[in-house]
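Asks: Below is the file target.cif, with mmCIF, C-alpha atoms (C1' of nucleotides).
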data_target
#
loop_
_atom_site.label_atom_id
_atom_site.label_comp_id
_atom_site.auth_asym_id
_atom_site.auth_seq_id
_atom_site.Cartn_x
_atom_site.Cartn_y
_atom_site.Cartn_z
CA MET A 1 22.06 -22.47 25.63
CA ALA A 2 23.34 -21.95 29.17
CA ARG A 3 26.76 -22.16 27.62
CA ASN A 4 26.01 -19.26 25.33
CA ARG A 5 24.88 -17.18 28.27
CA THR A 6 28.13 -17.97 30.07
CA ALA A 7 30.08 -16.88 27.02
CA GLU A 8 28.16 -13.61 26.83
CA GLU A 9 28.78 -12.86 30.47
CA ALA A 10 32.46 -13.63 30.13
CA TRP A 11 32.77 -11.36 27.12
CA GLU A 12 30.91 -8.54 28.77
CA ALA A 13 33.06 -8.78 31.88
CA LEU A 14 36.16 -8.88 29.73
CA ALA A 15 35.09 -5.85 27.72
CA ARG A 16 34.28 -3.85 30.83
CA ALA A 17 37.58 -4.70 32.45
CA GLN A 18 39.37 -3.71 29.27
CA THR A 19 37.48 -0.42 29.15
CA ALA A 20 38.32 0.43 32.74
CA LEU A 21 41.96 -0.46 32.26
CA MET A 22 42.28 1.40 28.98
CA ARG A 23 40.82 4.49 30.55
CA GLY A 24 43.39 4.37 33.28
CA PHE A 25 46.28 3.77 30.90
CA GLN A 26 45.17 6.51 28.57
CA GLU A 27 45.17 8.84 31.52
CA ASP A 28 48.70 7.75 32.33
CA PHE A 29 49.66 8.56 28.76
CA ARG A 30 48.40 12.11 29.00
CA GLY A 31 51.46 14.25 29.49
CA GLU A 32 53.61 11.50 28.03
CA GLU A 33 55.66 12.37 24.97
CA VAL A 34 53.79 9.89 22.77
CA SER A 35 50.19 8.76 22.65
CA MET A 36 49.21 5.26 23.64
CA ARG A 37 48.60 4.28 20.03
CA VAL A 38 52.03 5.47 18.99
CA TYR A 39 53.53 3.61 21.93
CA ASP A 40 51.72 0.51 20.80
CA VAL A 41 53.53 0.68 17.47
CA LEU A 42 56.85 1.45 19.15
CA TYR A 43 56.41 -1.51 21.48
CA THR A 44 55.48 -3.89 18.69
CA LEU A 45 58.48 -2.78 16.67
CA SER A 46 60.78 -3.14 19.68
CA ARG A 47 60.05 -6.85 19.46
CA CYS A 48 61.05 -6.93 15.80
CA PRO A 49 64.70 -5.83 15.63
CA SER A 50 64.85 -6.55 11.92
CA GLY A 51 61.79 -4.43 11.28
CA ALA A 52 58.27 -5.33 10.36
CA ARG A 53 56.06 -4.89 7.34
CA LEU A 54 52.94 -2.82 7.62
CA ARG A 55 50.74 -5.88 7.21
CA ASP A 56 52.44 -7.54 10.17
CA LEU A 57 52.04 -4.46 12.32
CA ASN A 58 48.44 -4.31 11.27
CA ALA A 59 47.81 -7.78 12.67
CA HIS A 60 48.72 -6.56 16.15
CA ILE A 61 47.27 -3.08 16.12
CA LEU A 62 43.59 -2.30 16.06
CA LEU A 63 43.52 0.12 13.13
CA THR A 64 42.58 -0.21 9.49
CA GLN A 65 45.38 -0.53 7.00
CA PRO A 66 45.09 3.03 5.68
CA SER A 67 45.03 4.47 9.20
CA LEU A 68 48.09 2.53 10.24
CA SER A 69 49.80 3.56 7.01
CA ARG A 70 49.34 7.19 7.89
CA LEU A 71 50.17 6.74 11.55
CA VAL A 72 53.52 5.26 10.57
CA GLU A 73 53.96 8.11 8.10
CA ARG A 74 53.52 10.64 10.92
CA MET A 75 55.83 8.65 13.16
CA GLU A 76 58.49 8.80 10.47
CA ALA A 77 58.04 12.55 10.21
CA ASP A 78 58.56 12.70 13.98
CA GLY A 79 61.75 10.68 13.65
CA LEU A 80 60.44 7.69 15.59
CA VAL A 81 60.65 5.12 12.81
CA HIS A 82 62.26 4.68 9.44
CA ARG A 83 60.59 3.22 6.36
CA CYS A 84 62.44 1.46 3.60
CA GLY A 85 61.62 -0.90 0.79
CA ASP A 86 62.13 -4.63 0.88
CA PRO A 87 64.42 -5.86 -1.95
CA THR A 88 62.77 -9.28 -1.95
CA ASP A 89 59.29 -7.83 -2.33
CA ARG A 90 59.16 -4.36 -3.73
CA ARG A 91 55.52 -3.89 -2.76
CA ALA A 92 56.42 -4.10 0.91
CA THR A 93 57.35 -1.29 3.26
CA VAL A 94 59.57 -2.34 6.12
CA VAL A 95 59.28 -0.24 9.25
CA ARG A 96 62.14 -0.06 11.74
CA LEU A 97 62.68 1.87 14.95
CA THR A 98 65.11 4.76 14.83
CA GLU A 99 67.49 5.21 17.74
CA ARG A 100 65.23 7.98 18.99
CA GLY A 101 62.20 5.75 18.67
CA ARG A 102 63.86 2.94 20.56
CA GLU A 103 65.00 5.30 23.29
CA ILE A 104 61.50 6.74 23.73
CA GLN A 105 59.95 3.27 23.75
CA ARG A 106 62.29 2.26 26.57
CA ARG A 107 61.68 5.38 28.58
CA VAL A 108 57.89 5.43 28.23
CA GLY A 109 57.83 1.64 28.49
CA ARG A 110 59.35 1.76 31.97
CA ARG A 111 56.58 3.99 33.26
CA HIS A 112 53.94 1.98 31.43
CA ALA A 113 55.25 -1.24 32.92
CA ALA A 114 54.98 0.29 36.37
CA ALA A 115 51.39 1.27 35.64
CA ILE A 116 50.60 -2.30 34.51
CA ALA A 117 52.18 -3.71 37.65
CA ASP A 118 50.02 -1.33 39.64
CA ARG A 119 46.67 -1.63 37.87
CA VAL A 120 46.82 -5.27 36.79
CA GLY A 121 49.33 -6.78 39.19
CA GLY A 122 47.74 -4.99 42.10
CA ALA A 123 44.35 -6.51 41.39
CA LEU A 124 45.10 -10.21 41.13
CA SER A 125 47.37 -12.75 42.77
CA GLU A 126 50.25 -14.16 40.79
CA GLU A 127 48.39 -17.39 40.30
CA GLU A 128 45.32 -15.56 39.05
CA LEU A 129 47.48 -13.54 36.66
CA ALA A 130 48.92 -16.74 35.23
CA THR A 131 45.44 -18.22 34.82
CA LEU A 132 44.19 -15.06 33.14
CA ARG A 133 47.12 -15.11 30.77
CA ALA A 134 46.54 -18.74 29.85
CA LEU A 135 42.86 -18.14 29.16
CA ALA A 136 43.57 -15.02 27.12
CA ASP A 137 46.16 -16.87 25.08
CA LYS A 138 43.76 -19.70 24.40
CA LEU A 139 41.06 -17.24 23.45
CA ARG A 140 43.32 -15.41 21.02
CA ALA A 141 44.66 -18.61 19.50
CA ALA A 142 41.10 -19.69 18.73
CA GLN A 143 40.52 -16.54 16.68
CA GLU A 144 43.13 -17.33 14.08
CA GLY A 145 42.07 -18.50 10.67
CA ARG A 146 38.59 -17.30 11.40
CA GLY A 147 38.86 -13.71 10.19
CA SER A 148 36.92 -13.21 7.01
CA VAL A 149 34.69 -16.05 6.10
CA SER A 150 32.34 -13.57 4.50
CA MET A 151 31.92 -14.91 0.99
CA THR A 152 30.87 -12.30 -1.44
CA VAL A 153 27.56 -13.36 -2.87
CA ASP A 154 26.79 -10.89 -5.59
CA PRO A 155 25.95 -11.95 -9.14
CA MET B 1 59.69 -8.30 40.49
CA ALA B 2 58.69 -11.63 38.98
CA ARG B 3 55.18 -10.64 39.91
CA ASN B 4 55.43 -7.54 37.76
CA ARG B 5 56.56 -9.62 34.82
CA THR B 6 53.58 -11.91 35.28
CA ALA B 7 51.27 -8.91 35.31
CA GLU B 8 52.80 -7.58 32.10
CA GLU B 9 52.42 -10.91 30.37
CA ALA B 10 48.82 -11.21 31.49
CA TRP B 11 48.02 -7.72 30.27
CA GLU B 12 49.69 -8.29 26.91
CA ALA B 13 47.84 -11.56 26.40
CA LEU B 14 44.60 -9.88 27.39
CA ALA B 15 45.16 -6.97 25.01
CA ARG B 16 46.00 -9.28 22.13
CA ALA B 17 42.95 -11.43 22.72
CA GLN B 18 40.81 -8.30 22.86
CA THR B 19 42.31 -7.04 19.60
CA ALA B 20 41.67 -10.32 17.81
CA LEU B 21 38.11 -10.51 19.11
CA MET B 22 37.33 -6.89 18.32
CA ARG B 23 38.56 -7.36 14.79
CA GLY B 24 36.23 -10.26 14.32
CA PHE B 25 33.27 -8.48 15.85
CA GLN B 26 33.87 -5.33 13.83
CA GLU B 27 33.83 -7.47 10.74
CA ASP B 28 30.52 -8.96 11.85
CA PHE B 29 29.18 -5.44 12.20
CA ARG B 30 30.06 -4.49 8.64
CA GLY B 31 26.83 -4.71 6.73
CA GLU B 32 24.88 -4.36 9.97
CA GLU B 33 22.52 -1.41 10.22
CA VAL B 34 24.46 0.19 13.08
CA SER B 35 28.14 0.37 13.87
CA MET B 36 29.60 -1.48 16.82
CA ARG B 37 30.02 1.74 18.77
CA VAL B 38 26.40 2.70 18.24
CA TYR B 39 25.36 -0.80 19.26
CA ASP B 40 27.44 -0.43 22.40
CA VAL B 41 25.37 2.60 23.38
CA LEU B 42 22.11 0.87 22.44
CA TYR B 43 23.06 -2.16 24.52
CA THR B 44 24.05 -0.09 27.54
CA LEU B 45 20.80 1.82 27.34
CA SER B 46 18.80 -1.38 26.99
CA ARG B 47 19.95 -2.18 30.53
CA CYS B 48 18.70 1.18 31.81
CA PRO B 49 14.93 1.26 31.14
CA SER B 50 14.60 4.57 32.96
CA GLY B 51 17.32 6.13 30.84
CA ALA B 52 20.87 7.10 31.64
CA ARG B 53 22.75 10.33 31.93
CA LEU B 54 25.62 11.00 29.60
CA ARG B 55 28.12 10.74 32.42
CA ASP B 56 26.88 7.26 33.28
CA LEU B 57 27.05 6.15 29.67
CA ASN B 58 30.53 7.58 29.51
CA ALA B 59 31.65 5.30 32.34
CA HIS B 60 30.85 2.27 30.20
CA ILE B 61 31.89 3.46 26.80
CA LEU B 62 35.45 4.13 25.75
CA LEU B 63 35.01 7.62 24.32
CA THR B 64 35.73 11.08 25.61
CA GLN B 65 32.79 13.05 26.94
CA PRO B 66 32.55 15.37 23.91
CA SER B 67 32.72 12.45 21.48
CA LEU B 68 30.00 10.57 23.29
CA SER B 69 27.93 13.76 23.41
CA ARG B 70 28.05 14.03 19.65
CA LEU B 71 27.55 10.32 19.09
CA VAL B 72 24.33 10.48 21.08
CA GLU B 73 23.38 13.60 19.14
CA ARG B 74 23.73 11.70 15.87
CA MET B 75 21.84 8.76 17.31
CA GLU B 76 18.99 11.07 18.20
CA ALA B 77 18.99 12.44 14.66
CA ASP B 78 18.73 8.83 13.45
CA GLY B 79 15.78 8.25 15.77
CA LEU B 80 17.57 5.68 17.91
CA VAL B 81 17.46 7.56 21.20
CA HIS B 82 15.68 10.47 22.77
CA ARG B 83 17.29 13.14 24.94
CA CYS B 84 15.47 15.08 27.62
CA GLY B 85 16.36 17.14 30.63
CA ASP B 86 16.30 15.90 34.20
CA PRO B 87 14.00 17.94 36.48
CA THR B 88 16.04 17.06 39.57
CA ASP B 89 19.29 18.23 38.01
CA ARG B 90 18.92 20.66 35.20
CA ARG B 91 22.52 20.23 34.07
CA ALA B 92 21.89 16.63 33.19
CA THR B 93 20.79 15.14 29.88
CA VAL B 94 18.91 11.88 30.19
CA VAL B 95 19.18 9.53 27.23
CA ARG B 96 16.51 6.92 26.57
CA LEU B 97 15.99 4.36 23.82
CA THR B 98 13.24 5.03 21.33
CA GLU B 99 11.06 2.14 20.24
CA ARG B 100 13.05 1.99 17.03
CA GLY B 101 16.30 2.00 18.99
CA ARG B 102 15.10 -0.80 21.24
CA GLU B 103 13.94 -2.83 18.29
CA ILE B 104 17.26 -2.46 16.47
CA GLN B 105 19.19 -3.31 19.62
CA ARG B 106 17.22 -6.53 19.94
CA ARG B 107 17.61 -7.50 16.33
CA VAL B 108 21.34 -6.74 16.06
CA GLY B 109 21.86 -8.07 19.57
CA ARG B 110 20.61 -11.50 18.57
CA ARG B 111 23.18 -11.78 15.82
CA HIS B 112 25.90 -10.35 18.03
CA ALA B 113 25.09 -12.83 20.78
CA ALA B 114 25.46 -15.64 18.28
CA ALA B 115 28.83 -14.27 17.27
CA ILE B 116 29.93 -14.13 20.91
CA ALA B 117 28.77 -17.68 21.46
CA ASP B 118 30.81 -18.66 18.43
CA ARG B 119 34.03 -16.71 18.94
CA VAL B 120 34.20 -16.73 22.74
CA GLY B 121 32.09 -19.71 23.70
CA GLY B 122 33.70 -21.80 21.00
CA ALA B 123 37.16 -21.19 22.35
CA LEU B 124 36.81 -22.09 26.03
CA SER B 125 34.99 -24.63 28.14
CA GLU B 126 32.13 -23.48 30.29
CA GLU B 127 34.27 -23.73 33.38
CA GLU B 128 37.02 -21.67 31.74
CA LEU B 129 34.47 -19.06 30.72
CA ALA B 130 33.28 -18.77 34.31
CA THR B 131 36.85 -18.42 35.54
CA LEU B 132 37.59 -15.78 32.93
CA ARG B 133 34.52 -13.87 33.92
CA ALA B 134 35.43 -13.96 37.60
CA LEU B 135 38.94 -12.73 36.92
CA ALA B 136 37.72 -9.98 34.63
CA ASP B 137 35.18 -8.86 37.22
CA LYS B 138 37.83 -8.76 39.90
CA LEU B 139 40.15 -6.84 37.62
CA ARG B 140 37.51 -4.27 36.79
CA ALA B 141 36.42 -3.90 40.39
CA ALA B 142 39.98 -3.07 41.36
CA GLN B 143 40.02 -0.14 38.93
CA GLU B 144 37.27 1.75 40.68
CA GLY B 145 38.06 4.76 42.78
CA ARG B 146 41.34 4.99 40.96
CA GLY B 147 41.28 6.57 37.52
CA SER B 148 37.85 8.03 37.12
CA VAL B 149 35.58 5.09 36.76
CA SER B 150 32.29 5.21 38.59
CA MET B 151 29.74 2.57 37.92
CA THR B 152 26.20 3.64 38.47
CA VAL B 153 23.54 1.02 38.15
CA ASP B 154 20.02 1.79 37.19
CA PRO B 155 17.72 1.67 40.25
"C1'" DC C 1 22.94 35.40 50.79
"C1'" DC C 2 27.05 35.54 48.13
"C1'" DC C 3 31.00 34.16 45.87
"C1'" DA C 4 34.20 30.47 44.61
"C1'" DT C 5 34.45 25.89 43.10
"C1'" DT C 6 32.82 21.86 40.99
"C1'" DT C 7 29.92 19.15 37.94
"C1'" DC C 8 27.56 18.26 33.58
"C1'" DC C 9 27.02 18.89 29.04
"C1'" DA C 10 27.74 21.46 24.51
"C1'" DT C 11 30.68 23.53 20.83
"C1'" DG C 12 34.82 25.39 17.94
"C1'" DC C 13 38.65 23.58 15.77
"C1'" DG C 14 42.52 20.98 14.23
"C1'" DT C 15 43.73 16.06 13.86
"C1'" DT C 16 42.84 11.32 12.97
"C1'" DT C 17 40.06 7.61 11.25
"C1'" DG C 18 37.61 4.62 7.97
"C1'" DC C 19 35.81 3.73 3.33
"C1'" DA C 20 36.53 3.59 -1.35
"C1'" DT C 21 39.76 3.56 -4.66
"C1'" DG C 22 44.31 3.90 -7.07
"C1'" DT C 23 49.00 2.14 -8.16
"C1'" DA C 24 52.65 -0.97 -8.44
"C1'" DG C 25 54.67 -5.38 -7.89
"C1'" DA C 26 54.09 -10.53 -7.33
"C1'" DC C 27 52.17 -14.71 -9.10
"C1'" DA C 28 49.94 -18.15 -12.10
"C1'" DA C 29 48.12 -19.79 -16.45
"C1'" DG C 30 48.08 -19.84 -21.28
"C1'" DC D 1 55.42 -12.58 -23.28
"C1'" DT D 2 50.69 -11.47 -22.11
"C1'" DT D 3 46.75 -11.38 -19.48
"C1'" DG D 4 44.26 -11.74 -15.34
"C1'" DT D 5 44.19 -12.06 -10.43
"C1'" DC D 6 45.97 -11.25 -6.00
"C1'" DT D 7 48.64 -8.79 -2.53
"C1'" DA D 8 50.81 -4.66 -0.24
"C1'" DC D 9 50.60 0.11 0.41
"C1'" DA D 10 49.23 4.84 -0.57
"C1'" DT D 11 45.81 8.62 -1.14
"C1'" DG D 12 41.29 11.60 -1.69
"C1'" DC D 13 37.66 12.72 1.04
"C1'" DA D 14 33.92 12.90 4.34
"C1'" DA D 15 32.92 11.47 8.93
"C1'" DA D 16 34.34 11.01 13.65
"C1'" DC D 17 37.44 11.98 17.37
"C1'" DG D 18 40.05 14.46 21.18
"C1'" DC D 19 41.48 18.76 23.30
"C1'" DA D 20 40.47 23.05 24.94
"C1'" DT D 21 36.96 25.86 26.24
"C1'" DG D 22 32.30 27.85 27.26
"C1'" DG D 23 27.98 28.28 29.74
"C1'" DA D 24 24.62 26.83 33.00
"C1'" DA D 25 23.36 24.61 37.15
"C1'" DA D 26 24.61 22.45 41.57
"C1'" DT D 27 27.49 22.64 45.80
"C1'" DG D 28 30.04 24.29 49.72
"C1'" DG D 29 31.80 27.47 52.84
"C1'" DG D 30 32.05 32.28 55.05
#
Once more with this new file: its structure as structure tokens, please.
Replies:
Amino acid sequence: MARNRTAEEAWEALARAQTALMRGFQEDFRGEEVSMRVYDVLYTLSRCPSGARLRDLNAHILLTQPSLSRLVERMEADGLVHRCGDPTDRRATVVRLTERGREIQRRVGRRHAAAIADRVGGALSEEELATLRALADKLRAAQEGRGSVSMTVDP
Amino acid sequence: MARNRTAEEAWEALARAQTALMRGFQEDFRGEEVSMRVYDVLYTLSRCPSGARLRDLNAHILLTQPSLSRLVERMEADGLVHRCGDPTDRRATVVRLTERGREIQRRVGRRHAAAIADRVGGALSEEELATLRALADKLRAAQEGRGSVSMTVDP
DNA sequence: CCCATTTCCATGCGTTTGCATGTAGACAAG
DNA sequence: CTTGTCTACATGCAAACGCATGGAAATGGG
């Protein structure tokens, strides 16, 4: 039971740190040409040169599928991304950065990286950062294949 | 510069872990009698027996001031909290749990604690949890007096 | 005391989100 | 080929959110 309490304390500390950091970053993003959420999509796509399907984006971004669908729709209207069908699976929608989207991601990304170096890098030593990363990775890895074990029990 | 890269990697790992965990928790909260955001307010208030002002709540909860204002308004309409003025500062609005709110916080909190023990406690050893907590605390502490994060603790 | 500034919360309004549902293609069995 | 089920997105709609702003009270000189 002491273990459970330790887990709760760790989660609460983690959530509070995340809240404080997010607040700071969101402030940085005010006055930026894209919102933090849009940047999140741009960044994710920048790591997928061949594009990504909506369902893959959705795994990385904390939005429901319909919300992400519309967010990408707006981003296409703004010329940040391009949507096209996948010949091998005609249900899929493949999203790809436009040149404009890639350029904005790079530009905003530079300032965001500086903010991370400041707010995160400025708070912990390099060794602590590495430890934090390792623990976060382990924590995330443990969440996989655990998503929806909610069996529908309705006669 | 290598330090900056380490900070970026740590932040990305942290954000991804948070996303995965939040997804799981939000799923747990489907079918619950309150949403996760409402629970967040209930939990924060459960730690402030003498009530909390909106601005203090806002320091802990990732919402803009107007959004939190309306969330609390809805929660009052649902009988979860009670709002009253502060005689020592007539601009302030003090929010307090109702008996119903406290009861629901306890009930939902028990299940949520079990989920934390499962998802977080199940992923790391007790020593790792303690390390994670220490790093998260340090990270959060470093954000104060920077963006606009002031932590006020109930006396 | 007075006026300017700041703090704390509420409200109008357009935008975004989530839930429920719809549509179309993939996939498997008969 | 047909039928049923599953998967991937899209869409209607009400609820919730953020931004800009407003009003009232506290605060800080002059």
Asks: Using the chain letters and residue numbers of this document, give as a ChimeraX atom specification the residues selected by the PyMOL selection byres ((chain D and resi 1-11) around 10).
Replies: /A:53-55,65-66,69-70,89-93 /C:21-30 /D:12-13
Asks: Please expand the PyMOL selection byres ((chain B and resi 113) around 12) into the concrete residues it hits in this file, giving the result as an NGL selection string.
Replies: (:A and (1 or 3-12)) or (:B and (25 or 28 or 43 or 105-112 or 114-121))
Asks: Given identical sequences, what C-alpha RMSD separates chain A from chain B after least-squares superposition over all Cα in order?
Replies: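 When all C-alpha atoms are superposed, the deviation is 6.0 Å.
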Asks: Got a sec: who's within 12 Å of DA20 of chain D, counting all atoms listed in the file, leaving out chain neighbours fewer than 4 positions off, as a ChimeraX atom specification?
Replies: /B:66 /C:11-14
Asks: For the PyMOL selection byres ((chain B and resi 96) around 7), applied here, can you spell out every residue it catches as a list in words?
Replies: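 Those residues are Leu45, Gly51, Ala52, Val81, His82, Arg83, Val94, Val95, Leu97 and Thr98 of chain B.
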Asks: Nearest to Asp86 of chain B among B:Thr131, B:Ser50, B:Thr64, B:Gln26, with distances taken over only C-alpha atoms: which residue is it?
Replies: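 For Asp86 of chain B, the nearest of the given residues is B:Ser50.
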Asks: Set out as JSON lines a contact list for chain C and chain B with a cut-off of 8 Å, giving each residue of chain C that qualifies its closest atom pair and distance in Å to one decimal, counting only C-alpha atoms (C1' of nucleotides), ordered by chain and rising residue number.
Replies:
{"residue": "C:DC8", "atom": "C1'", "partner": "B:Arg91", "partner_atom": "CA", "distance": 5.4}
{"residue": "C:DC9", "atom": "C1'", "partner": "B:Arg91", "partner_atom": "CA", "distance": 6.9}
{"residue": "C:DA10", "atom": "C1'", "partner": "B:Ser69", "partner_atom": "CA", "distance": 7.8}
Asks: May I ask for the distance between atom C1' of DA20 of chain C and atom CA of Glu144 of chain A, given in Å to one decimal place?
Replies: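 According to the coordinates, atom C1' of DA20 of chain C and atom CA of Glu144 of chain A are separated by 26.8 Å.
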Asks: So that all listed atoms of segment 73-77 of chain A fit with 8 Å spare on each side, what axis-aligned box centre and edge lengths in Å, to one decimal, would you give as JSON?
Replies:
{"center_x": 56.0, "center_y": 10.3, "center_z": 10.6, "size_x": 21.0, "size_y": 20.4, "size_z": 21.1}
Asks: As a PyMOL selection string, could you give me every residue of chain D near chain B (at most 9 Å apart, counting all atoms listed in the file)?
Replies: chain D and resi 16-18+24-26
Asks: Kindly save the residues from that selection, with C-alpha atoms (C1' of nucleotides) included, as a tab-separated table (two decimals), keeping the file's coordinate frame.
Replies:
chain	number	residue	atom	x	y	z
D	16	DA	C1'	34.34	11.01	13.65
D	17	DC	C1'	37.44	11.98	17.37
D	18	DG	C1'	40.05	14.46	21.18
D	24	DA	C1'	24.62	26.83	33.00
D	25	DA	C1'	23.36	24.61	37.15
D	26	DA	C1'	24.61	22.45	41.57
Asks: B:Thr88, B:Thr19, B:Ser46, B:Asn58: which is nearest chain A, counting all atoms listed in the file?
Replies: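 Of the candidates, the smallest distance to chain A is held by B:Thr19.
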Asks: Counting only C-alpha atoms, which residue out of B:Met36, B:Cys84, B:Ala13, B:Ala2 sits closest to chain A?
Replies: B:Ala13
